Structure formats: structure tokens, C-alpha cells
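This is coords-v3.cif (mmCIF, C-alpha atoms).
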data_data
#
loop_
_atom_site.label_atom_id
_atom_site.label_comp_id
_atom_site.auth_asym_id
_atom_site.auth_seq_id
_atom_site.Cartn_x
_atom_site.Cartn_y
_atom_site.Cartn_z
CA MET A 9 279.91 132.66 115.63
CA THR A 10 279.32 134.29 112.29
CA ARG A 11 277.78 132.26 109.48
CA LEU A 12 279.53 132.98 106.19
CA VAL A 13 277.51 132.68 103.01
CA VAL A 14 279.94 132.31 100.11
CA LEU A 15 278.81 132.87 96.53
CA ASP A 16 280.24 130.96 93.58
CA SER A 17 280.49 132.33 90.08
CA GLU A 18 277.06 131.31 88.84
CA ALA A 19 275.43 132.56 92.04
CA VAL A 20 277.01 135.96 91.39
CA GLN A 21 275.84 136.01 87.79
CA ALA A 22 272.33 134.90 88.78
CA LEU A 23 272.13 137.57 91.46
CA ALA A 24 273.15 140.33 89.08
CA ASP A 25 270.86 139.44 86.19
CA PRO A 26 267.08 139.64 86.71
CA ALA A 27 266.63 137.58 83.53
CA HIS A 28 268.77 134.72 84.84
CA ARG A 29 266.62 131.67 85.58
CA LYS A 30 268.15 131.36 89.05
CA HIS A 31 267.90 135.05 89.92
CA ARG A 32 264.94 134.75 92.25
CA GLN A 33 266.52 131.79 94.01
CA VAL A 34 269.74 133.66 94.81
CA VAL A 35 267.83 136.82 95.72
CA SER A 36 265.91 134.63 98.19
CA HIS A 37 269.15 133.70 99.90
CA VAL A 38 270.22 137.33 100.13
CA GLN A 39 266.78 138.33 101.41
CA VAL A 40 267.02 135.75 104.20
CA VAL A 41 270.45 137.12 105.13
CA ALA A 42 269.08 140.68 105.23
CA SER A 43 266.16 139.62 107.41
CA ARG A 44 268.43 137.75 109.79
CA LYS A 45 270.83 140.67 110.04
CA ARG A 46 267.86 142.81 110.99
CA ARG A 47 267.30 140.39 113.86
CA ALA A 48 270.96 140.76 114.89
CA ALA A 49 272.03 137.35 113.62
CA ALA A 50 275.75 137.11 112.88
CA ILE A 51 275.70 136.37 109.17
CA GLU A 52 277.66 137.76 106.21
CA VAL A 53 277.63 137.25 102.45
CA VAL A 54 281.10 137.16 100.92
CA VAL A 55 282.67 136.61 97.52
CA PRO A 56 286.25 135.53 96.85
CA THR A 57 287.79 138.02 94.43
CA ALA A 58 288.81 135.30 91.94
CA VAL A 59 285.13 134.30 91.80
CA ARG A 60 284.30 137.92 91.09
CA VAL A 61 286.79 137.90 88.21
CA GLU A 62 285.32 134.71 86.75
CA ALA A 63 281.80 136.10 87.03
CA GLY A 64 282.83 139.42 85.48
CA TRP A 65 281.78 141.44 88.50
CA ASP A 66 283.38 144.87 88.09
CA ARG A 67 282.46 146.96 91.10
CA THR A 68 283.16 150.17 89.19
CA SER A 69 280.61 149.34 86.49
CA PRO A 70 277.06 150.68 86.84
CA ILE A 71 275.64 147.41 85.53
CA TRP A 72 276.72 145.76 88.80
CA ALA A 73 275.03 148.38 90.96
CA PHE A 74 272.50 145.95 92.44
CA PRO A 75 274.96 143.41 93.88
CA ASN A 76 277.35 146.26 94.72
CA HIS A 77 274.87 147.62 97.23
CA LEU A 78 273.98 144.34 98.92
CA ARG A 79 276.82 144.47 101.44
CA ILE A 80 278.64 141.52 99.89
CA SER A 81 282.26 141.64 101.03
CA ASP A 82 285.27 140.75 98.94
CA ILE A 83 287.75 138.20 100.24
CA PRO A 84 290.96 139.10 98.40
CA LEU A 85 293.35 136.55 96.96
CA ASP A 86 296.26 137.51 99.20
CA ALA A 87 299.54 135.63 99.55
CA ALA A 88 298.26 133.13 102.11
CA TYR A 89 295.05 132.39 100.20
CA ALA A 90 297.05 132.10 96.96
CA SER A 91 299.26 129.38 98.43
CA THR A 92 296.30 127.43 99.79
CA ALA A 93 294.42 127.87 96.51
CA ALA A 94 297.44 126.70 94.51
CA ALA A 95 297.61 123.53 96.58
CA ILE A 96 293.87 122.92 96.12
CA ARG A 97 294.13 123.47 92.37
CA SER A 98 297.09 121.10 92.09
CA ARG A 99 295.26 118.45 94.06
CA THR A 100 291.84 118.73 92.42
CA GLY A 101 292.25 120.45 89.06
CA VAL A 102 289.42 122.89 89.73
CA SER A 103 289.32 126.41 88.31
CA VAL A 104 291.28 129.25 89.91
CA ALA A 105 288.02 130.75 91.16
CA ASP A 106 286.92 127.51 92.80
CA ALA A 107 290.40 127.02 94.27
CA HIS A 108 290.21 130.48 95.86
CA LEU A 109 286.76 129.62 97.14
CA GLY A 110 288.18 126.43 98.63
CA ALA A 111 291.00 128.37 100.26
CA VAL A 112 288.44 130.66 101.86
CA ILE A 113 286.45 127.70 103.15
CA GLN A 114 289.54 126.05 104.60
CA SER A 115 291.01 129.22 106.11
CA VAL A 116 288.21 131.19 107.71
CA PRO A 117 287.89 130.73 111.46
CA THR A 118 284.21 129.80 111.42
CA ASP A 119 282.65 126.38 111.09
CA GLN A 120 279.39 127.82 109.86
CA ILE A 121 279.89 128.13 106.13
CA THR A 122 277.23 127.93 103.46
CA VAL A 123 278.23 127.93 99.81
CA VAL A 124 275.63 129.01 97.27
CA THR A 125 276.73 127.11 94.21
CA SER A 126 275.73 125.43 90.99
CA ASP A 127 278.38 122.78 91.55
CA PRO A 128 277.99 121.10 94.96
CA GLY A 129 280.42 118.33 94.03
CA ASP A 130 283.31 120.68 93.36
CA MET A 131 282.57 122.68 96.49
CA ARG A 132 282.78 119.57 98.65
CA LEU A 133 285.98 118.66 96.84
CA VAL A 134 287.67 122.01 97.52
CA ALA A 135 286.39 122.18 101.10
CA GLY A 136 288.72 119.34 102.09
CA ASP A 137 288.08 118.33 105.68
CA LYS A 138 286.01 121.41 106.46
CA ASN A 139 282.34 120.75 107.02
CA ILE A 140 280.21 123.02 104.84
CA THR A 141 276.56 123.50 104.02
CA VAL A 142 275.78 123.58 100.33
CA ALA A 143 272.86 125.54 98.92
CA ALA A 144 272.56 124.18 95.42
CA ILE A 145 271.20 126.46 92.72
CA MET B 17 286.10 146.87 99.69
CA GLY B 18 285.60 148.88 96.52
CA ARG B 19 282.08 149.90 95.65
CA CYS B 20 280.42 151.49 92.69
CA THR B 21 279.98 155.19 93.24
CA THR B 22 279.08 156.25 89.75
CA ALA B 23 275.65 154.81 89.10
CA THR B 24 272.36 156.42 89.83
CA TRP B 25 270.40 153.27 90.31
CA TYR B 26 266.82 152.23 90.08
CA SER B 27 264.00 154.37 91.37
CA LEU B 28 265.22 155.45 94.75
CA SER B 29 265.05 159.19 94.91
CA MET B 30 268.37 160.90 94.30
CA GLU B 31 268.51 161.76 97.96
CA ALA B 32 267.87 158.17 99.04
CA SER B 33 270.41 156.69 96.64
CA VAL B 34 273.02 159.19 97.78
CA VAL B 35 272.24 158.36 101.39
CA ILE B 36 272.58 154.62 100.74
CA GLU B 37 275.87 155.20 98.92
CA ARG B 38 277.10 157.34 101.78
CA ILE B 39 276.07 154.86 104.48
CA SER B 40 277.72 152.03 102.54
CA GLY B 41 280.90 154.07 102.17
CA LEU B 42 281.00 154.83 105.86
CA LEU B 43 280.37 151.20 106.79
CA ASP B 44 283.16 150.13 104.45
CA GLY B 45 285.50 152.79 105.76
CA GLY B 46 285.77 151.15 109.16
CA GLY B 47 289.22 152.00 110.35
CA LEU B 48 290.30 152.46 113.92
CA GLU B 49 289.25 156.04 114.36
CA THR B 50 286.67 156.38 117.10
CA SER B 51 284.56 159.16 118.50
CA ASN B 52 283.06 159.85 121.86
CA THR B 53 279.34 160.40 121.54
CA SER B 54 276.76 161.96 123.73
CA MET B 55 274.22 159.34 122.68
CA ARG B 56 271.82 158.60 125.50
CA ILE B 57 270.57 155.07 125.88
CA PRO B 58 268.22 153.64 128.48
CA THR B 59 270.11 152.83 131.68
CA ALA B 60 268.56 149.38 131.87
CA LEU B 61 269.75 148.59 128.36
CA ARG B 62 273.26 149.76 129.18
CA ASP B 63 273.28 147.64 132.34
CA ALA B 64 271.95 144.61 130.46
CA ALA B 65 274.71 144.97 127.87
CA ALA B 66 277.37 145.28 130.57
CA LEU B 67 276.02 142.18 132.30
CA ALA B 68 275.95 140.19 129.05
CA VAL B 69 279.56 141.15 128.36
CA ARG B 70 280.81 140.48 131.87
CA GLU B 71 278.93 137.30 132.69
CA LEU B 72 278.24 135.73 129.30
CA GLY B 73 281.28 136.91 127.36
CA VAL B 74 279.18 137.78 124.32
CA ALA B 75 281.62 140.52 123.23
CA PRO B 76 284.92 142.01 124.41
CA SER B 77 283.12 145.08 125.74
CA ALA B 78 279.73 146.72 125.88
CA THR B 79 280.99 149.20 123.32
CA ALA B 80 281.95 146.36 120.97
CA LEU B 81 278.55 144.75 121.50
CA THR B 82 276.76 148.01 120.74
CA THR B 83 278.92 148.73 117.71
CA ALA B 84 278.37 145.28 116.23
CA ALA B 85 274.62 145.52 116.72
CA LEU B 86 274.49 148.97 115.17
CA ARG B 87 276.58 147.88 112.19
CA ALA B 88 274.38 144.83 111.59
CA THR B 89 271.25 146.95 111.77
CA LEU B 90 272.61 149.54 109.34
CA GLU B 91 273.75 146.83 106.94
CA ALA B 92 270.30 145.23 107.10
CA ILE B 93 268.66 148.59 106.40
CA VAL B 94 270.87 149.17 103.37
CA MET B 95 270.28 145.66 102.06
CA GLN B 96 266.52 145.82 102.53
CA THR B 97 266.25 149.26 100.92
CA VAL B 98 268.17 148.02 97.88
CA LEU B 99 266.17 144.78 97.72
CA ASP B 100 262.83 146.61 97.98
CA ASP B 101 263.85 148.93 95.19
CA HIS B 102 264.86 145.92 93.09
CA TYR B 103 261.50 144.21 93.72
CA GLU B 104 259.70 147.35 92.65
CA HIS B 105 261.45 147.25 89.29
CA HIS B 106 261.51 143.48 88.92
CA PRO B 107 258.37 142.15 90.60
CA ARG B 108 259.11 138.60 89.46
CA ALA B 109 262.33 138.70 91.47
CA ARG B 110 260.42 139.13 94.72
CA PRO B 111 260.57 135.84 96.64
CA ASP B 112 257.38 134.54 98.21
CA LEU B 113 257.24 132.95 101.65
CA GLY B 114 257.84 129.50 100.18
CA ASP B 115 260.96 130.67 98.35
CA LEU B 116 262.28 132.24 101.53
CA ALA B 117 261.57 129.16 103.61
CA VAL B 118 263.46 127.00 101.13
CA ALA B 119 266.34 129.49 101.08
CA ALA B 120 266.45 129.62 104.88
CA ALA B 121 266.53 125.82 105.06
CA GLU B 122 269.30 125.68 102.45
CA LEU B 123 271.41 128.28 104.24
CA ASP B 124 271.11 126.37 107.51
CA GLY B 125 271.54 122.91 106.04
CA HIS B 126 268.15 122.02 107.48
CA PRO B 127 267.01 118.50 106.52
CA LEU B 128 263.79 119.91 105.04
CA ALA B 129 265.87 121.75 102.43
CA ALA B 130 265.72 118.47 100.55
CA GLU B 131 261.91 118.69 100.54
CA PRO B 132 261.08 122.06 98.99
CA GLY B 133 257.58 120.92 98.11
CA ARG B 134 256.79 120.27 101.74
CA LEU B 135 258.17 123.68 102.71
CA ARG B 136 256.13 125.45 100.02
CA GLN B 137 253.01 123.63 101.19
CA ALA B 138 253.71 124.67 104.78
CA ALA B 139 254.27 128.25 103.64
CA ALA B 140 250.95 128.29 101.81
CA GLU B 141 249.17 126.91 104.89
CA ILE B 142 250.73 129.30 107.35
CA ALA B 143 250.33 132.37 105.12
CA ARG B 144 246.55 131.90 105.08
CA ASN B 145 246.25 132.82 108.75
CA HIS B 146 249.56 134.54 109.37
CA PRO B 147 250.45 136.79 106.44
CA ASP B 148 253.45 138.17 108.33
CA ALA B 149 254.94 134.76 109.10
CA SER B 150 258.70 134.46 108.70
CA PRO B 151 260.59 131.74 106.83
CA ASP B 152 261.70 130.37 110.20
CA ASP B 153 258.03 130.11 111.25
CA VAL B 154 257.46 128.03 108.13
CA LEU B 155 260.39 125.77 108.93
CA LEU B 156 259.06 125.22 112.43
CA TRP B 157 255.57 124.48 111.14
CA ALA B 158 256.87 122.09 108.49
CA GLU B 159 259.04 120.38 111.08
CA ALA B 160 256.09 119.96 113.40
CA ARG B 161 253.98 118.59 110.56
CA ALA B 162 256.69 116.06 109.82
CA LEU B 163 256.65 114.65 113.33
CA PRO B 164 254.73 111.41 113.72
CA ALA B 165 251.50 111.82 115.70
CA ALA B 166 251.94 110.85 119.35
#
Please render this file's structure as C-alpha cells.
Amino acid sequence: MTRLVVLDSEAVQALADPAHRKHRQVVSHVQVVASRKRRAAAIEVVVPTAVRVEAGWDRTSPIWAFPNHLRISDIPLDAAYASTAAAIRSRTGVSVADAHLGAVIQSVPTDQITVVTSDPGDMRLVAGDKNITVAAI
Amino acid sequence: MGRCTTATWYSLSMEASVVIERISGLLDGGGLETSNTSMRIPTALRDAAALAVRELGVAPSATALTTAALRATLEAIVMQTVLDDHYEHHPRARPDLGDLAVAAAELDGHPLAAEPGRLRQAAAEIARNHPDASPDDVLLWAEARALPAA
């Protein structure tokens, strides 16, 4: 079963900016993923597209070249995710980005989910009944 | 997934950056188009893959198993090339063994993630004699150190 590593908005910003005080910490997570992939572990880093919007991650901009090349997949806010995210947002009052992140957590078919986040409380809130691992930054 | 194709980034030679861009594009392309190849692999490896698929159900087919492994390896190569280039330009961004052990514990939800100091100490100890130790080696060592003496 694939482990999904989901980035929140601050994790994205920290990854992209070498001057960010949490940059090395998030790079460490990505480095561990790269090393495990090399050993054929089933592990992927993903970002919900609403998180990307909140973080300002424009894949067409050269300033995002570093994260662009780290094999971090988008999870689009499609119709099904939008409905789940809307319900999460109504229930919890979190941001649109966090609601999308919650929809991803609740909808993906794996139980091995790690969220790299600066807000563990909100992540547990949006995860609902789904068991997640939180890597706090 | 859309990717930046306009930037010439960091210090990778033009050829290398173009190659990384191209590999990434091909990996993203995916699709259902397939090709027969004349790739030769060791017979024992082929038989082992077939056995793993048939008896252990590790993948729908030996081809799927091979494809997944190849994709993971190529993705790891791309990621590591980009990370190494980043470290060259931003040496302070390069994680040490302690950082990686903490990150590995956090990703796995390992109980020792709550004790980063212990993990960093274990990393320092293990790196003295085993400079090529992995973060998982550190976790194992720290876990063993945490066990009460018999």
C-alpha cells in the first residue's frame, strides 16, 4: 500500500524558500521520500491544488522550479473532492485549502497518510474518522 | 500534472537540466500507450517476478511489477538529482543524519518522533563508526537503546 505524504500550505512555502526557517525540515522529509523510493518503497508526495493556490505555487513560474522538479503530484479539486471539501468546511470552518486537504485525506484509498503541516490540530479536525500521521513543522 | 518548462535552474549543466525536464515530462505523460521492448533481463529475475505475482499477488502482472519499479527508480533519480543540485547551491539546506532520522520517524508516526533529541544523539553515535548509515538505521539503534536492559 502506498504511503501518501500530503503537504499543507506552509510546508509548500517552506520547501520552496531556502530562507524559510523550516526549509531544511521540509527538505528532510522530501529527502527521506526520495531515498525510500530508491529502495522501491511505495511512497508519494502530493499537494491538493487548493493548497497550491493558497501557497502561491505557480508551476509555470521559474521561481517554483525547485519544488516543480521534486515529483510532487497535484490532487485536483474535482467535483467529488469539492463536495467533500464543502461539507468539511461547513462543519469545521477551516480554510478552503485545508478543506480540500481534508477531502483528500478522507477520500484516498490508502490508510497510510502523513500530513506535513504547521497546524496539526486542524489536520486532525479535517481528517474526520481517518487515521493520519502528522509531521508537525 | 503541469510542470515548469521554462526555467533553466541551478547549476546542472544545460544537458542535465534538459534531461531531467524530459524525464519528468515523460513520467508525467503516462497514458495508456505501450511499447514492446527487446530489453533483456536475467531469466532468474524474470522468473522471480512471475513467481511473486502469481503466488504473492504483489502486482497484477510481472509487467506491472516491472513498470512500477522502473517508475519509482526514475522518480527517485530525478528527485535526488534535483536535491543534490539544491544542496550544492544552498549547503545549509542539506539535512544531516539526525535531521533525516527525525523526518523518517515523523513520516512513519514512530514513537521516537516525539524525542528528536534522542534521535539526534543516536545519529551522532552511529555516524562515528558508520558514516553511510541510513535514517532507518538510526531509528533502529535509538529504539534498541530505549529498550530496558535485560
Residues of chain A within 9 Å of chain B, counting only C-alpha atoms - could you list those as a ChimeraX atom specification?
/A:13,26,31-51,66-74,76-79,81-83,120-124,140-144
Do you know which residues are at most 9 Å from A:Ala107 counting all atoms listed in the file, after dropping those on the same chain fewer than 5 positions away, and could you put them as a VMD selection string?
chain A and resid 58 90 92 to 97 100 to 102 112 134
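The interatomic distance for the pair atom CA of B:Arg134 and atom CA of A:Gln21 works out to 28.4 Å.
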So that I can check the surroundings of stretch 59-65 of chain A, please list as a PyMOL selection string every protein, DNA and RNA residue that reaches within 8 Å of it, counting all atoms listed in the file and ignoring chain neighbours fewer than 4 positions away.
chain A and resi 16-18+20-21+55+72+105-106+108-109
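Atom pair atom CA of B:Ile39 / atom CA of A:Glu52 has a distance of 17.3 Å (rounded to one decimal).
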Separation of atom CA of B:Arg136 and atom CA of B:Pro164, in Å?
19.7 Å
